[in-house]
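Text of the file final16.cif, holding mmCIF, C-alpha atoms and all ligand atoms:
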```cif
data_my_file
#
loop_
_atom_site.group_PDB
_atom_site.id
_atom_site.type_symbol
_atom_site.label_atom_id
_atom_site.label_comp_id
_atom_site.auth_asym_id
_atom_site.auth_seq_id
_atom_site.Cartn_x
_atom_site.Cartn_y
_atom_site.Cartn_z
ATOM 1 C CA MET A 1 27.066 -17.926 -5.701
ATOM 2 C CA ILE A 2 28.621 -16.552 -2.521
ATOM 3 C CA PHE A 3 28.752 -19.020 0.368
ATOM 4 C CA ALA A 4 30.940 -17.869 3.247
ATOM 5 C CA VAL A 5 31.717 -19.476 6.572
ATOM 6 C CA ASP A 6 33.145 -17.420 9.427
ATOM 7 C CA THR A 7 35.756 -19.872 10.738
ATOM 8 C CA ASN A 8 35.905 -18.025 14.060
ATOM 9 C CA ARG A 9 32.247 -18.759 14.673
ATOM 10 C CA CYS A 10 31.804 -22.191 13.052
ATOM 11 C CA THR A 11 31.917 -24.949 15.687
ATOM 12 C CA SER A 12 31.794 -27.742 13.074
ATOM 13 C CA CYS A 13 28.531 -28.953 14.638
ATOM 14 C CA GLY A 14 27.227 -30.075 11.217
ATOM 15 C CA LEU A 15 23.640 -28.887 11.807
ATOM 16 C CA CYS A 16 23.686 -27.021 8.495
ATOM 17 C CA ALA A 17 24.739 -30.099 6.522
ATOM 18 C CA ARG A 18 22.249 -32.371 8.303
ATOM 19 C CA ASN A 19 19.375 -29.975 7.637
ATOM 20 C CA CYS A 20 20.150 -29.071 4.055
ATOM 21 C CA PRO A 21 17.097 -30.344 2.115
ATOM 22 C CA GLN A 22 19.199 -30.908 -1.004
ATOM 23 C CA GLN A 23 22.215 -32.484 0.681
ATOM 24 C CA ALA A 24 24.222 -29.681 -0.905
ATOM 25 C CA LEU A 25 26.535 -29.337 2.112
ATOM 26 C CA HIS A 26 29.081 -31.727 3.518
ATOM 27 C CA MET A 27 31.275 -31.224 6.559
ATOM 28 C CA GLU A 28 35.010 -30.941 6.553
ATOM 29 C CA GLN A 29 36.442 -28.554 9.156
ATOM 30 C CA VAL A 30 33.617 -26.232 8.056
ATOM 31 C CA PRO A 31 30.653 -26.866 5.705
ATOM 32 C CA ILE A 32 31.505 -27.123 2.012
ATOM 33 C CA ILE A 33 28.833 -26.381 -0.572
ATOM 34 C CA ASP A 34 28.033 -28.107 -3.849
ATOM 35 C CA GLU A 35 26.428 -25.186 -5.656
ATOM 36 C CA ARG A 36 24.800 -27.385 -8.284
ATOM 37 C CA ARG A 37 22.648 -29.034 -5.622
ATOM 38 C CA CYS A 38 21.834 -25.868 -3.670
ATOM 39 C CA MET A 39 18.259 -24.596 -4.103
ATOM 40 C CA ARG A 40 19.020 -21.304 -2.366
ATOM 41 C CA CYS A 41 16.537 -21.844 0.465
ATOM 42 C CA GLN A 42 18.992 -20.402 3.031
ATOM 43 C CA HIS A 43 18.232 -23.102 5.608
ATOM 44 C CA CYS A 44 21.961 -23.147 6.427
ATOM 45 C CA LEU A 45 21.947 -19.428 7.186
ATOM 46 C CA ALA A 46 18.808 -19.783 9.311
ATOM 47 C CA ILE A 47 19.867 -22.820 11.310
ATOM 48 C CA CYS A 48 23.471 -22.070 12.239
ATOM 49 C CA PRO A 49 23.507 -21.670 16.070
ATOM 50 C CA THR A 50 26.477 -19.305 16.021
ATOM 51 C CA GLY A 51 25.594 -17.292 12.904
ATOM 52 C CA ALA A 52 28.656 -18.453 11.030
ATOM 53 C CA ILE A 53 27.118 -18.797 7.562
ATOM 54 C CA SER A 54 26.402 -16.138 4.935
ATOM 55 C CA ILE A 55 24.941 -17.034 1.567
ATOM 56 C CA MET A 56 24.188 -15.036 -1.590
ATOM 57 C CA GLY A 57 25.265 -11.896 0.246
ATOM 58 C CA HIS A 58 22.803 -12.487 3.108
ATOM 59 C CA THR A 59 24.461 -12.259 6.513
ATOM 60 C CA PRO A 60 23.136 -13.507 9.877
ATOM 61 C CA GLU A 61 23.189 -9.919 11.133
ATOM 62 C CA ASN A 62 20.484 -8.938 8.637
ATOM 63 C CA CYS A 63 18.180 -11.873 9.447
ATOM 64 C CA LEU A 64 15.124 -11.431 11.616
ATOM 65 C CA PRO A 65 15.799 -12.795 15.133
ATOM 66 C CA LEU A 66 13.152 -15.414 15.911
ATOM 67 C CA LYS A 67 13.612 -16.618 19.463
ATOM 68 C CA GLY A 68 10.569 -15.562 21.486
ATOM 69 C CA HIS A 69 9.248 -13.363 18.681
ATOM 70 C CA PHE A 70 6.505 -15.487 17.110
ATOM 71 C CA PRO A 71 2.927 -14.282 17.639
ATOM 72 C CA ASP A 72 1.192 -16.423 20.235
ATOM 73 C CA PRO A 73 -1.614 -18.778 19.152
ATOM 74 C CA LYS A 74 -4.317 -16.417 20.421
ATOM 75 C CA SER A 75 -2.935 -13.559 18.308
ATOM 76 C CA MET A 76 -2.840 -15.835 15.277
ATOM 77 C CA GLU A 77 -6.357 -17.039 16.000
ATOM 78 C CA THR A 78 -7.572 -13.432 16.100
ATOM 79 C CA LEU A 79 -5.871 -12.711 12.777
ATOM 80 C CA ILE A 80 -7.187 -15.832 11.052
ATOM 81 C CA ARG A 81 -10.687 -15.616 12.484
ATOM 82 C CA GLY A 82 -10.846 -11.838 12.165
ATOM 83 C CA ARG A 83 -9.863 -11.769 8.495
ATOM 84 C CA ARG A 84 -12.833 -10.807 6.378
ATOM 85 C CA SER A 85 -13.478 -10.209 2.713
ATOM 86 C CA ILE A 86 -13.667 -6.467 2.160
ATOM 87 C CA ARG A 87 -15.987 -5.144 -0.524
ATOM 88 C CA ARG A 88 -16.036 -1.502 0.510
ATOM 89 C CA PHE A 89 -12.860 0.491 0.147
ATOM 90 C CA ILE A 90 -11.779 4.051 0.871
ATOM 91 C CA ARG A 91 -10.991 5.713 -2.436
ATOM 92 C CA LYS A 92 -7.410 6.447 -1.625
ATOM 93 C CA ASN A 93 -4.098 4.957 -2.698
ATOM 94 C CA VAL A 94 -2.394 2.656 -0.235
ATOM 95 C CA ALA A 95 0.795 4.463 0.802
ATOM 96 C CA PRO A 96 3.679 3.189 -1.377
ATOM 97 C CA ASP A 97 5.861 2.521 1.689
ATOM 98 C CA GLU A 98 3.160 0.375 3.269
ATOM 99 C CA LEU A 99 2.612 -1.556 0.070
ATOM 100 C CA ASN A 100 6.332 -2.108 -0.400
ATOM 101 C CA TYR A 101 6.623 -3.360 3.162
ATOM 102 C CA LEU A 102 3.669 -5.700 2.697
ATOM 103 C CA LEU A 103 5.118 -7.080 -0.540
ATOM 104 C CA SER A 104 8.552 -7.515 0.978
ATOM 105 C CA VAL A 105 7.078 -9.627 3.781
ATOM 106 C CA ALA A 106 4.763 -11.617 1.491
ATOM 107 C CA ALA A 107 7.792 -12.420 -0.680
ATOM 108 C CA HIS A 108 8.761 -14.847 2.101
ATOM 109 C CA ALA A 109 5.835 -17.126 1.202
ATOM 110 C CA PRO A 110 7.267 -20.510 0.250
ATOM 111 C CA THR A 111 7.314 -21.792 -3.328
ATOM 112 C CA ALA A 112 7.724 -25.372 -4.493
ATOM 113 C CA SER A 113 11.404 -26.327 -4.876
ATOM 114 C CA ASN A 114 12.130 -22.749 -3.865
ATOM 115 C CA ARG A 115 11.565 -21.867 -7.512
ATOM 116 C CA ARG A 116 10.351 -18.325 -6.699
ATOM 117 C CA GLY A 117 9.093 -17.863 -10.227
ATOM 118 C CA LEU A 118 6.143 -15.605 -9.498
ATOM 119 C CA HIS A 119 5.343 -12.473 -11.448
ATOM 120 C CA LEU A 120 3.233 -9.806 -9.758
ATOM 121 C CA THR A 121 1.059 -7.411 -11.709
ATOM 122 C CA ILE A 122 0.028 -4.665 -9.329
ATOM 123 C CA LEU A 123 -2.311 -1.820 -10.085
ATOM 124 C CA ASP A 124 -0.904 0.269 -7.265
ATOM 125 C CA ASP A 125 -2.350 3.586 -8.326
ATOM 126 C CA MET A 126 -6.071 4.345 -8.332
ATOM 127 C CA ASN A 127 -5.809 6.028 -11.725
ATOM 128 C CA SER A 128 -4.454 2.899 -13.387
ATOM 129 C CA MET A 129 -7.027 0.777 -11.562
ATOM 130 C CA ASN A 130 -9.808 3.101 -12.735
ATOM 131 C CA ALA A 131 -8.549 2.898 -16.307
ATOM 132 C CA PHE A 132 -8.408 -0.880 -16.041
ATOM 133 C CA ARG A 133 -11.949 -1.000 -14.642
ATOM 134 C CA GLU A 134 -13.289 1.147 -17.483
ATOM 135 C CA GLU A 135 -11.533 -0.996 -20.047
ATOM 136 C CA LEU A 136 -12.751 -4.225 -18.459
ATOM 137 C CA TYR A 137 -16.369 -3.120 -18.597
ATOM 138 C CA ARG A 138 -15.972 -1.692 -22.093
ATOM 139 C CA ARG A 139 -14.656 -5.001 -23.391
ATOM 140 C CA LEU A 140 -17.223 -7.066 -21.533
ATOM 141 C CA SER A 141 -20.004 -5.054 -23.128
ATOM 142 C CA LEU A 142 -18.818 -5.843 -26.668
ATOM 143 C CA PRO A 143 -21.187 -8.269 -28.460
ATOM 144 C CA GLU A 144 -18.292 -10.472 -29.657
ATOM 145 C CA ILE A 145 -17.095 -10.896 -26.068
ATOM 146 C CA GLN A 146 -20.566 -11.791 -24.855
ATOM 147 C CA THR A 147 -20.603 -14.703 -27.315
ATOM 148 C CA ARG A 148 -17.523 -16.100 -25.507
ATOM 149 C CA LEU A 149 -19.623 -16.421 -22.387
ATOM 150 C CA GLU A 150 -22.060 -19.013 -23.677
ATOM 151 C CA SER A 151 -20.819 -21.849 -21.482
ATOM 152 C CA ASN A 152 -19.398 -19.666 -18.686
ATOM 153 C CA PRO A 153 -21.032 -20.397 -15.316
ATOM 154 C CA ARG A 154 -20.830 -16.659 -14.547
ATOM 155 C CA LYS A 155 -22.477 -15.724 -17.838
ATOM 156 C CA GLU A 156 -25.289 -13.797 -16.150
ATOM 157 C CA LEU A 157 -22.930 -11.752 -13.983
ATOM 158 C CA PHE A 158 -20.579 -10.947 -16.868
ATOM 159 C CA ALA A 159 -23.556 -9.929 -19.002
ATOM 160 C CA THR A 160 -25.207 -7.641 -16.459
ATOM 161 C CA ALA A 161 -22.105 -6.140 -14.818
ATOM 162 C CA PRO A 162 -21.179 -3.807 -17.725
ATOM 163 C CA ILE A 163 -24.753 -2.515 -17.835
ATOM 164 C CA LEU A 164 -24.817 -1.874 -14.086
ATOM 165 C CA TRP A 165 -21.498 -0.049 -14.398
ATOM 166 C CA LYS A 166 -22.631 2.070 -17.315
ATOM 167 C CA GLU A 167 -26.071 2.938 -16.015
ATOM 168 C CA HIS A 168 -25.542 3.157 -12.263
ATOM 169 C CA GLY A 169 -21.783 3.219 -11.678
ATOM 170 C CA THR A 170 -22.180 -0.019 -9.697
ATOM 171 C CA ASP A 171 -18.974 -2.022 -9.813
ATOM 172 C CA ARG A 172 -20.121 -5.627 -9.318
ATOM 173 C CA LEU A 173 -16.832 -7.165 -10.415
ATOM 174 C CA LEU A 174 -14.110 -5.053 -8.808
ATOM 175 C CA HIS A 175 -16.057 -3.461 -5.947
ATOM 176 C CA ASN A 176 -14.528 -0.009 -6.523
ATOM 177 C CA ALA A 177 -11.292 -1.336 -5.103
ATOM 178 C CA PRO A 178 -8.408 1.109 -5.489
ATOM 179 C CA HIS A 179 -5.901 -1.653 -6.237
ATOM 180 C CA CYS A 180 -5.485 -5.181 -7.402
ATOM 181 C CA ILE A 181 -2.718 -7.727 -7.589
ATOM 182 C CA ILE A 182 -2.600 -10.520 -10.137
ATOM 183 C CA VAL A 183 -0.144 -13.318 -9.425
ATOM 184 C CA SER A 184 1.235 -15.368 -12.299
ATOM 185 C CA ASN A 185 3.489 -18.371 -12.081
ATOM 186 C CA HIS A 186 6.066 -19.644 -14.520
ATOM 187 C CA ARG A 187 4.602 -22.061 -17.071
ATOM 188 C CA GLU A 188 7.246 -24.615 -16.172
ATOM 189 C CA SER A 189 6.032 -24.951 -12.593
ATOM 190 C CA GLY A 190 4.191 -28.167 -13.470
ATOM 191 C CA TYR A 191 1.599 -29.301 -10.996
ATOM 192 C CA ASN A 192 2.635 -26.479 -8.649
ATOM 193 C CA LEU A 193 1.483 -23.850 -11.154
ATOM 194 C CA PRO A 194 -1.605 -22.708 -9.197
ATOM 195 C CA VAL A 195 -0.261 -23.485 -5.736
ATOM 196 C CA ASP A 196 2.573 -20.975 -5.323
ATOM 197 C CA PRO A 197 0.391 -17.965 -6.282
ATOM 198 C CA VAL A 198 -2.333 -19.042 -3.855
ATOM 199 C CA ILE A 199 0.184 -19.427 -1.029
ATOM 200 C CA PHE A 200 1.578 -16.000 -1.899
ATOM 201 C CA LEU A 201 -1.842 -14.371 -1.848
ATOM 202 C CA THR A 202 -2.820 -16.096 1.391
ATOM 203 C CA THR A 203 0.325 -14.702 2.997
ATOM 204 C CA PHE A 204 -0.258 -11.290 1.410
ATOM 205 C CA GLU A 205 -3.840 -11.237 2.692
ATOM 206 C CA LEU A 206 -3.015 -12.126 6.290
ATOM 207 C CA MET A 207 -0.158 -9.649 6.442
ATOM 208 C CA ALA A 208 -2.353 -6.976 4.827
ATOM 209 C CA GLN A 209 -4.875 -7.247 7.669
ATOM 210 C CA THR A 210 -2.158 -6.453 10.200
ATOM 211 C CA CYS A 211 -1.266 -3.323 8.172
ATOM 212 C CA GLY A 212 -4.887 -2.095 8.139
ATOM 213 C CA ILE A 213 -5.311 -3.049 4.480
ATOM 214 C CA GLY A 214 -8.429 -4.941 3.387
ATOM 215 C CA THR A 215 -8.449 -7.608 0.684
ATOM 216 C CA LEU A 216 -10.853 -9.559 -1.499
ATOM 217 C CA TRP A 217 -9.938 -12.712 -3.392
ATOM 218 C CA CYS A 218 -11.186 -12.015 -6.882
ATOM 219 C CA GLY A 219 -12.160 -15.194 -8.691
ATOM 220 C CA ILE A 220 -14.142 -13.075 -11.099
ATOM 221 C CA LEU A 221 -11.066 -11.228 -12.306
ATOM 222 C CA TYR A 222 -9.118 -14.471 -12.535
ATOM 223 C CA SER A 223 -11.947 -15.992 -14.543
ATOM 224 C CA CYS A 224 -11.932 -12.959 -16.870
ATOM 225 C CA LEU A 225 -8.223 -13.341 -17.543
ATOM 226 C CA GLU A 226 -8.434 -17.106 -17.924
ATOM 227 C CA PHE A 227 -11.627 -17.619 -19.911
ATOM 228 C CA VAL A 228 -13.169 -14.372 -21.119
ATOM 229 C CA LEU A 229 -10.507 -11.794 -21.953
ATOM 230 C CA PRO A 230 -7.166 -13.630 -22.107
ATOM 231 C CA GLU A 231 -5.870 -10.897 -24.446
ATOM 232 C CA LEU A 232 -5.718 -8.638 -21.378
ATOM 233 C CA ARG A 233 -2.768 -10.672 -20.075
ATOM 234 C CA ASP A 234 -0.428 -9.190 -22.665
ATOM 235 C CA GLU A 235 -1.797 -5.723 -22.164
ATOM 236 C CA LEU A 236 -1.224 -6.009 -18.413
ATOM 237 C CA GLY A 237 2.383 -6.915 -19.094
ATOM 238 C CA ILE A 238 2.126 -10.504 -17.883
ATOM 239 C CA PRO A 239 5.116 -12.262 -19.459
ATOM 240 C CA LYS A 240 4.309 -14.969 -22.026
ATOM 241 C CA THR A 241 6.391 -17.334 -19.902
ATOM 242 C CA HIS A 242 3.832 -16.931 -17.085
ATOM 243 C CA VAL A 243 0.216 -17.876 -16.449
ATOM 244 C CA PRO A 244 -2.020 -15.743 -14.219
ATOM 245 C CA GLN A 245 -3.251 -17.904 -11.374
ATOM 246 C CA TYR A 246 -5.228 -15.654 -9.119
ATOM 247 C CA ALA A 247 -6.153 -12.079 -8.350
ATOM 248 C CA MET A 248 -6.853 -10.087 -5.211
ATOM 249 C CA LEU A 249 -8.361 -6.644 -4.707
ATOM 250 C CA PHE A 250 -7.022 -4.503 -1.907
ATOM 251 C CA GLY A 251 -7.143 -1.079 -0.313
ATOM 252 C CA TYR A 252 -7.940 0.648 2.944
ATOM 253 C CA PRO A 253 -11.285 -0.726 4.129
ATOM 254 C CA ASP A 254 -14.261 1.573 4.452
ATOM 255 C CA ILE A 255 -15.863 -0.810 6.930
ATOM 256 C CA THR A 256 -14.886 -2.460 10.209
ATOM 257 C CA TYR A 257 -16.120 -5.726 11.638
ATOM 258 C CA PRO A 258 -16.370 -5.658 15.420
ATOM 259 C CA ARG A 259 -16.454 -9.456 15.731
ATOM 260 C CA SER A 260 -15.508 -12.662 13.976
ATOM 261 C CA VAL A 261 -17.864 -15.172 12.399
ATOM 262 C CA GLN A 262 -18.061 -18.797 13.533
ATOM 263 C CA HIS A 263 -17.263 -21.687 11.247
ATOM 264 C CA ASP A 264 -17.504 -25.342 12.191
ATOM 265 C CA PRO A 265 -14.364 -27.459 11.843
ATOM 266 C CA TYR A 266 -14.294 -29.611 8.715
ATOM 267 C CA PRO A 267 -15.211 -33.276 9.052
ATOM 268 C CA ARG A 268 -12.146 -35.440 9.322
ATOM 269 C CA LEU A 269 -11.216 -39.046 9.582
ATOM 270 C CA SER A 270 -8.393 -40.129 11.840
ATOM 271 C CA LEU A 271 -6.822 -43.331 10.622
ATOM 272 C CA HIS A 272 -6.645 -46.220 13.041
ATOM 273 C CA PRO A 273 -3.209 -46.254 14.771
ATOM 274 C CA ASN A 274 -2.533 -49.687 13.263
ATOM 275 C CA TRP A 275 -3.529 -48.621 9.760
ATOM 276 C CA GLY A 276 -1.307 -50.229 7.129
ATOM 277 C CA ILE A 277 0.356 -52.593 9.607
ATOM 278 C CA ASN A 278 -0.467 -56.201 8.704
HETATM 279 C C1 LIG B 301 -10.746 -18.280 -4.070
HETATM 280 C C2 LIG B 301 -11.745 -17.214 -3.741
HETATM 281 C C3 LIG B 301 -12.312 -16.452 -4.761
HETATM 282 C C4 LIG B 301 -13.230 -15.447 -4.464
HETATM 283 N N1 LIG B 301 -13.719 -14.639 -5.459
HETATM 284 C C5 LIG B 301 -14.581 -13.631 -5.138
HETATM 285 C C6 LIG B 301 -15.055 -12.727 -6.138
HETATM 286 O O1 LIG B 301 -14.688 -12.809 -7.317
HETATM 287 N N2 LIG B 301 -15.910 -11.751 -5.763
HETATM 288 C C7 LIG B 301 -16.336 -11.595 -4.456
HETATM 289 O O2 LIG B 301 -17.116 -10.691 -4.171
HETATM 290 N N3 LIG B 301 -15.889 -12.432 -3.492
HETATM 291 C C8 LIG B 301 -15.015 -13.421 -3.792
HETATM 292 N N4 LIG B 301 -14.518 -14.241 -2.813
HETATM 293 C C9 LIG B 301 -14.906 -14.012 -1.421
HETATM 294 C C10 LIG B 301 -15.834 -15.089 -0.876
HETATM 295 O O3 LIG B 301 -17.085 -14.897 -1.433
HETATM 296 C C11 LIG B 301 -15.765 -14.923 0.628
HETATM 297 O O4 LIG B 301 -14.636 -15.631 1.059
HETATM 298 C C12 LIG B 301 -17.006 -15.343 1.353
HETATM 299 O O5 LIG B 301 -17.939 -14.351 1.097
HETATM 300 C C13 LIG B 301 -16.792 -15.495 2.859
HETATM 301 O O6 LIG B 301 -16.440 -14.285 3.443
HETATM 302 P P1 LIG B 301 -15.052 -14.070 4.195
HETATM 303 O O7 LIG B 301 -13.958 -14.097 3.168
HETATM 304 O O8 LIG B 301 -15.159 -12.706 4.813
HETATM 305 O O9 LIG B 301 -14.918 -15.154 5.208
HETATM 306 C C14 LIG B 301 -13.612 -15.237 -3.106
HETATM 307 C C15 LIG B 301 -13.026 -16.002 -2.084
HETATM 308 C C16 LIG B 301 -12.094 -16.976 -2.403
HETATM 309 C C17 LIG B 301 -11.469 -17.745 -1.277
#
```
As structure tokens - that is how I would like this structure written.
Amino acid sequence: MIFAVDTNRCTSCGLCARNCPQQALHMEQVPIIDERRCMRCQHCLAICPTGAISIMGHTPENCLPLKGHFPDPKSMETLIRGRRSIRRFIRKNVAPDELNYLLSVAAHAPTASNRRGLHLTILDDMNSMNAFREELYRRLSLPEIQTRLESNPRKELFATAPILWKEHGTDRLLHNAPHCIIVSNHRESGYNLPVDPVIFLTTFELMAQTCGIGTLWCGILYSCLEFVLPELRDELGIPKTHVPQYAMLFGYPDITYPRSVQHDPYPRLSLHPNWGIN
């Protein structure tokens, strides 16, 4: 792994070593790395006040400058409160450049231990999404698949959806979305297995809104892949090393919401300041 220190810029302040979450750096004249401990989080690159550190080929010059550039709380509030589930989409592909940009930003979502073991299955072309939709409904309508649904809480929906699709072209499961993304995590992620994909999709969703792209969390599709049609995982190219953890539909929205909704804060309990002190 490449770890380079520009000795003309390094002031030996030691901030990088003090803030390394893995204690992979120690200070001599300049920071020295123990690669075996490094989890490649790039904290050292991000924190250096003089931009002296490059790591894994990433230079300070190519980082995003942060000072004074964060959205203000009101902008974030508008984004978070203005985000809505979209169930009506324009039947048009999201421009590949826009999707690539969105994915490149969402790739900055954190993962436990910086494992970054996600696998993304993206139906980024309407034709492949349409083929997938047809196949999903075809399989769901098969009698042998319906018997798998006996104890499924969504039994009714899974039973009626293929009929609605066939007879009326009503897409109750995938809402005629032009695209979907299925996020799988590496089997060895332990108790973080479902968490990293959900963080990724949350980031993807918020960023998507700012790009004019609407999203819908799709528990139904996840449930299909997990409980009803797990054989689809292989066919979608999900590696056997990975487990699909959630799915999201997306596309340009065919609807706009002029205002937010209003949710009450969750109940909470603040512990007494002396809690735990005997
Ligand atoms: C984890 C999760 C799974 C969801 N799955 C579905 C789904 O399969 N189909 C659907 O129509 N909506 C689904 N939704 C959307 C919720 O129904 C939606 O969040 C709710 O209607 C509130 O609307 P809002 O997202 O605009 O605030 C899901 C939402 C979440 C957070």
Evaluate the PyMOL selection byres (((chain A and resi 263-277) around 12) and not hetatm) and record the selected residues as a PyMOL selection string, following the chain and residue labels used in the document. chain A and resi 80-82+260-262+278
Selection as a list in words: residues within 7 Å of ligand LIG 301 (chain B) by only C-alpha atoms and all ligand atoms: Arg83, Arg84, Ser85, Ile86, Arg87, Leu173, Leu216, Trp217, Cys218, Gly219, Ile220 and Leu221 of chain A
Write the residues of the preceding selection, restricted to C-alpha atoms, as a CSV table (one decimal), in the frame of the given file.
```csv
chain,number,residue,atom,x,y,z
A,83,ARG,CA,-9.9,-11.8,8.5
A,84,ARG,CA,-12.8,-10.8,6.4
A,85,SER,CA,-13.5,-10.2,2.7
A,86,ILE,CA,-13.7,-6.5,2.2
A,87,ARG,CA,-16.0,-5.1,-0.5
A,173,LEU,CA,-16.8,-7.2,-10.4
A,216,LEU,CA,-10.9,-9.6,-1.5
A,217,TRP,CA,-9.9,-12.7,-3.4
A,218,CYS,CA,-11.2,-12.0,-6.9
A,219,GLY,CA,-12.2,-15.2,-8.7
A,220,ILE,CA,-14.1,-13.1,-11.1
A,221,LEU,CA,-11.1,-11.2,-12.3
```
Can you spell out as number ranges by chain the set of residues that the PyMOL selection byres (((chain A and resi 122) around 10) and not hetatm) selects in the structure I just provided? A: 119-121, 123-125, 128-129, 179-183, 236, 247-249
Show me, as an MDAnalysis selection string, the residues that have an atom within 8 Å of Thr50 of chain A when counting all atoms listed in the file, minus same-chain residues fewer than 6 positions from it. chainID A and resid 9:11
Next, write the just-selected residues to a file, as an mmCIF file, in the coordinates of the input, keeping C-alpha atoms as the atom set.
```cif
data_model
loop_
_atom_site.group_PDB
_atom_site.id
_atom_site.type_symbol
_atom_site.label_atom_id
_atom_site.label_comp_id
_atom_site.auth_asym_id
_atom_site.auth_seq_id
_atom_site.Cartn_x
_atom_site.Cartn_y
_atom_site.Cartn_z
ATOM 1 C CA ARG A 9 32.247 -18.759 14.673
ATOM 2 C CA CYS A 10 31.804 -22.191 13.052
ATOM 3 C CA THR A 11 31.917 -24.949 15.687
#
```
Shortest interatomic distance to Leu25 of chain A - which of A:Thr7, A:Asn114, A:Asn127, A:Gln42, counting all atoms listed in the file: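 The closest residue to Leu25 of chain A is A:Gln42.
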Could you state the separation of atom CA of Met1 of chain A and atom CA of Ile199 of chain A in Å, given to one decimal place? 27.3 Å
What lies within 10 Å of Leu99 of chain A using all atoms listed in the file, ignoring chain neighbours under 3 positions off, as a list in words?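 Those residues are Asn93, Val94, Ala95, Pro96, Leu102, Leu103, Ser104, Val105, Asp124, Ala208, Cys211, Ile213 and Gly251 of chain A.
Take atom CA of Ala4 of chain A and atom CA of His69 of chain A: the distance between them is 27.0 Å.
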Atom-to-atom span, atom CA of Gly212 of chain A and atom CA of Asp97 of chain A, Å: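 Separating atom CA of Gly212 of chain A from atom CA of Asp97 of chain A is a distance of 13.4 Å.
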Exercise on segment 83-87 of chain A, axis-aligned box with 3 Å per side, report centre and edge lengths in Å to one decimal, as lines of an AutoDock Vina configuration file:
```
center_x = -12.9
center_y = -8.5
center_z = 4.0
size_x = 12.1
size_y = 12.6
size_z = 15.0
```
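Between Arg88 of chain A and the candidates A:Thr210, A:Thr256, A:Thr59, A:Thr111, the tightest atom-to-atom separation, counting only C-alpha atoms, involves A:Thr256.
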Check what the PyMOL selection byres (((chain A and resi 150-155) around 10) and not hetatm) selects in the file above and give those residues as a ChimeraX atom specification. /A:145-149,156-160,220,223-224,227-228
Local residues around (6.4, -14.2, -15.2), at most 8 Å away, using all atoms listed in the file, as a PyMOL selection string: chain A and resi 117-120+184-186+238-243
Might you pull out every residue within 12 Å of Gly14 of chain A, with all atoms listed in the file counted and same-chain residues fewer than 6 positions away left off, and present them as a PyMOL selection string? chain A and resi 20+23+25-32+44+47-50+52-53
Could you name the residues that touch Cys41 of chain A at 10 Å or less, counting all atoms listed in the file, but leaving out those on the same chain fewer than 4 positions away, as a ChimeraX atom specification? /A:20-22,45-46,55,110-111,113-115
Atoms kept (C-alpha atoms) for selection, written as a PDB file, keeping the file's coordinate frame:
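Output file out.pdb is given in full below:
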```
ATOM      1  CA  CYS A  20      20.150 -29.071   4.055  1.00  0.00           C
ATOM      2  CA  PRO A  21      17.097 -30.344   2.115  1.00  0.00           C
ATOM      3  CA  GLN A  22      19.199 -30.908  -1.004  1.00  0.00           C
ATOM      4  CA  LEU A  45      21.947 -19.428   7.186  1.00  0.00           C
ATOM      5  CA  ALA A  46      18.808 -19.783   9.311  1.00  0.00           C
ATOM      6  CA  ILE A  55      24.941 -17.034   1.567  1.00  0.00           C
ATOM      7  CA  PRO A 110       7.267 -20.510   0.250  1.00  0.00           C
ATOM      8  CA  THR A 111       7.314 -21.792  -3.328  1.00  0.00           C
ATOM      9  CA  SER A 113      11.404 -26.327  -4.876  1.00  0.00           C
ATOM     10  CA  ASN A 114      12.130 -22.749  -3.865  1.00  0.00           C
ATOM     11  CA  ARG A 115      11.565 -21.867  -7.512  1.00  0.00           C
TER      12      ARG A 115
END
```
Counting all atoms listed in the file, which residue out of A:Glu231, A:Phe204, A:Arg259, A:Asp254 sits closest to Ala107 of chain A?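 Ranking A:Glu231, A:Phe204, A:Arg259, A:Asp254 by distance to Ala107 of chain A, first place goes to A:Phe204.
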Compare A:Gly57, A:Gly51, A:Pro162, A:Pro197 by their minimum atom-to-atom distance to Arg139 of chain A, counting all atoms listed in the file, and give me the closest one. A:Pro162
Under the rule that all atoms listed in the file are counted, which of A:Ile90, A:Leu229, A:Leu193, A:Leu79 is the nearest residue to Leu136 of chain A?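 Selected residue with least distance to Leu136 of chain A: A:Leu229.
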